[in-house]
Amino acid sequence: MTDIQTLTYPTVLDREALHEFSDALTDRAHDIERDMARLSTDPGNRVLIADIFRALHNIKGDAALCSVPMAGLVAHPLESILTRLRSGDVHYTQMLGEVILLALDRLELAVDALVANRPVVQLKLAVLVEGLEKMGRAPQSDIDLGAAQLINTITGFRPQTFPLAVVGKPSSQVSSKGGVAKDLRFFRSLALQFETRSALFAGRTDRLHQLALDTNRIAGSPVDEVQLEAALYLHDLGMMFLPESVWIKLEKMSKVERAILHAHPGFAAGLLERMEGWKGAAEMVQQHHETWDGKGYPAKLDGTEICSGAKIIAIVDAFEAVMLKHGARSHGSSVLRAIAEINACDKQFAPEWIEPFNAVIRTMLEH
């Protein structure tokens, strides 16, 4: 029987041990995603299945050792499913793989929330575990259907498979004349230069541009599109003035590194403030890492103080970061899992912009 209380309102029994578990989980999740990527192209590989089983078994053991029972409850049905895969009782499918990775994502989000003293109720862990337990007992013929239903229940989206690199054709540039058009072309050239700093960023500018402008338009275009476009091009320009060891880093940052990172919005915002006609874009850039719950940076503004353009950029930037995180782990994250992670962080983003963004993603999935 599912332990709803532990999964919905977990208690931290040993904070130091929790941090140790979090670090170990990050490493094991990386290994699992790498092996899942290989398994998707070689679904009958018993060695890979055994390695994934062993990693999940170790997560379960780490959870017990570090007194994180919530994590053990999530890992247990995953281990049961891998036991059936290992014995040949059921066979690997892409839909089953998607569920396993979604569950792993949710576990990482839940542990991160516990470390940061945030609630986990929005992650629907009890529903997830119950669904995984049913899949662990289901015949092969029902596996994909059960997986699809669980994905839809947890995320609110029908499962689809989409490539990481392109989510849509870049929309046409905002029509403008004279100096504004020249400025936008220059801003875009800087954004494209930023892309060259890492192969992982290829196509990033157009993806962010498409998602942000489409989100704004679905909401009725309350944000000036020209200012939003400029802000999208320059919001991360300040990163180029930071040590690459800080901003091209997938591991957890130290406090010193985090403080250095928090300075980057001010560089591009300062540039825009000194250019005639770009005050709105400067405000968006300065605030794009502020969060709805007031725990963002650099000014820790609350949701009512953050401008709408910055709220849009925060969502699309986070979505891109989730896709990048999983892509760097050698398993291209589906759009489905990325949007599920964004929706799970309900205190980080402005609620009035989540549904327009979801509508953009739904349209993309449908087509």
# chains A, B, ... in the order shown; residues from 1 in each chain; ligands from 1

call {"tool": "residues_around", "arguments": {"residues": "range 138-141 of chain A", "least_positions_apart": "5", "cutoff": "9 Å", "atoms": "only C-alpha atoms", "output": "PyMOL selection string"}}
result
chain A and resi 89-91+133+146

call {"tool": "residues_around", "arguments": {"residues": "Val115 in chain A", "least_positions_apart": "5", "cutoff": "12 Å", "atoms": "only C-alpha atoms", "output": "ChimeraX atom specification"}}
result
/A:10-23,68,108-110,120

call {"tool": "residues_around", "arguments": {"residues": "Gly131 in chain A", "least_positions_apart": "4", "cutoff": "7 Å", "atoms": "only C-alpha atoms", "output": "list in words"}}
result
Val127, Met135 and Leu150 of chain A

call {"tool": "closest_residue", "arguments": {"among": "A:Ile306, A:Leu145, A:Ala230, A:Met36", "to": "Ala269 in chain A", "atoms": "only C-alpha atoms"}}
result
A:Ala230

call {"tool": "residues_around", "arguments": {"residues": "Gly61 in chain A", "least_positions_apart": "4", "cutoff": "8 Å", "atoms": "only C-alpha atoms", "output": "PyMOL selection string"}}
result
chain A and resi 57+65+72

call {"tool": "atom_distance", "arguments": {"atom1": "CA of Ser334 in chain A", "atom2": "CA of Glu98 in chain A"}}
result
8.3 Å

call {"tool": "select_by_dssp", "arguments": {"residues": "range 77-324 of chain A", "states": "alpha helix (DSSP H)", "output": "JSON, numbers by chain"}}
result
{"A": [77, 78, 79, 80, 81, 82, 83, 84, 85, 86, 87, 94, 95, 96, 97, 98, 99, 100, 101, 102, 103, 104, 105, 106, 107, 108, 109, 110, 111, 112, 113, 114, 115, 125, 126, 127, 128, 129, 130, 131, 132, 133, 134, 135, 136, 137, 140, 141, 142, 143, 144, 145, 146, 147, 148, 149, 150, 151, 152, 153, 154, 155, 178, 179, 180, 181, 182, 183, 184, 185, 186, 187, 188, 189, 190, 191, 192, 193, 194, 195, 204, 205, 206, 207, 208, 209, 210, 211, 212, 213, 214, 215, 216, 217, 218, 225, 226, 227, 228, 229, 230, 231, 232, 233, 234, 244, 245, 246, 247, 255, 256, 257, 258, 259, 260, 261, 264, 265, 266, 267, 268, 269, 270, 271, 272, 273, 279, 280, 281, 282, 283, 284, 285, 286, 287, 308, 309, 310, 311, 312, 313, 314, 315, 316, 317, 318, 319, 320, 321, 322, 323, 324]}

call {"tool": "closest_residue", "arguments": {"among": "A:Met364, A:Cys307, A:Ile313, A:Leu85", "to": "Pro222 in chain A", "atoms": "only C-alpha atoms"}}
result
A:Cys307

call {"tool": "atom_distance", "arguments": {"atom1": "CA of Gln122 in chain A", "atom2": "CA of Ala344 in chain A"}}
result
6.0 Å

call {"tool": "residues_around", "arguments": {"residues": "Ile354 in chain A", "least_positions_apart": "4", "cutoff": "12 Å", "atoms": "only C-alpha atoms", "output": "PyMOL selection string"}}
result
chain A and resi 212+215-216+218-219+292+308+311-316+319+339-350+358-361

call {"tool": "closest_residue", "arguments": {"among": "A:Ala37, A:Leu123, A:Leu324, A:Val99", "to": "Gly203 in chain A", "atoms": "only C-alpha atoms"}}
result
A:Leu324

call {"tool": "closest_residue", "arguments": {"among": "A:Met95, A:Leu48, A:Ala281, A:Leu101", "to": "Arg158 in chain A", "atoms": "only C-alpha atoms"}}
result
A:Met95

call {"tool": "residues_around", "arguments": {"residues": "Met284 in chain A", "least_positions_apart": "3", "cutoff": "7 Å", "atoms": "only C-alpha atoms", "output": "JSON, numbers by chain"}}
result
{"A": [231, 280, 281, 287, 288, 307, 309, 310]}

call {"tool": "write_last_selection", "arguments": {"atoms": "C-alpha atoms", "output": "short mmCIF file (atom, residue, chain, number, x, y, z; two decimals), in the first residue's frame"}}
result
data_model
loop_
_atom_site.label_atom_id
_atom_site.label_comp_id
_atom_site.auth_asym_id
_atom_site.auth_seq_id
_atom_site.Cartn_x
_atom_site.Cartn_y
_atom_site.Cartn_z
CA ALA A 231 16.02 40.97 -23.93
CA GLY A 280 12.12 47.85 -21.08
CA ALA A 281 14.57 45.23 -22.31
CA GLN A 287 15.03 40.49 -13.51
CA HIS A 288 15.03 37.26 -15.53
CA CYS A 307 8.05 42.59 -15.00
CA GLY A 309 8.89 40.02 -19.92
CA ALA A 310 11.29 38.71 -17.29
#

call {"tool": "closest_residue", "arguments": {"among": "A:Leu211, A:Ile59, A:Met253, A:Leu184", "to": "Pro356 in chain A", "atoms": "only C-alpha atoms"}}
result
A:Leu211

call {"tool": "closest_residue", "arguments": {"among": "A:Lys124, A:Arg34, A:Arg207, A:Arg86", "to": "Arg106 in chain A", "atoms": "only C-alpha atoms"}}
result
A:Lys124

call {"tool": "atom_distance", "arguments": {"atom1": "CA of Ala55 in chain A", "atom2": "CA of Thr83 in chain A"}}
result
12.2 Å
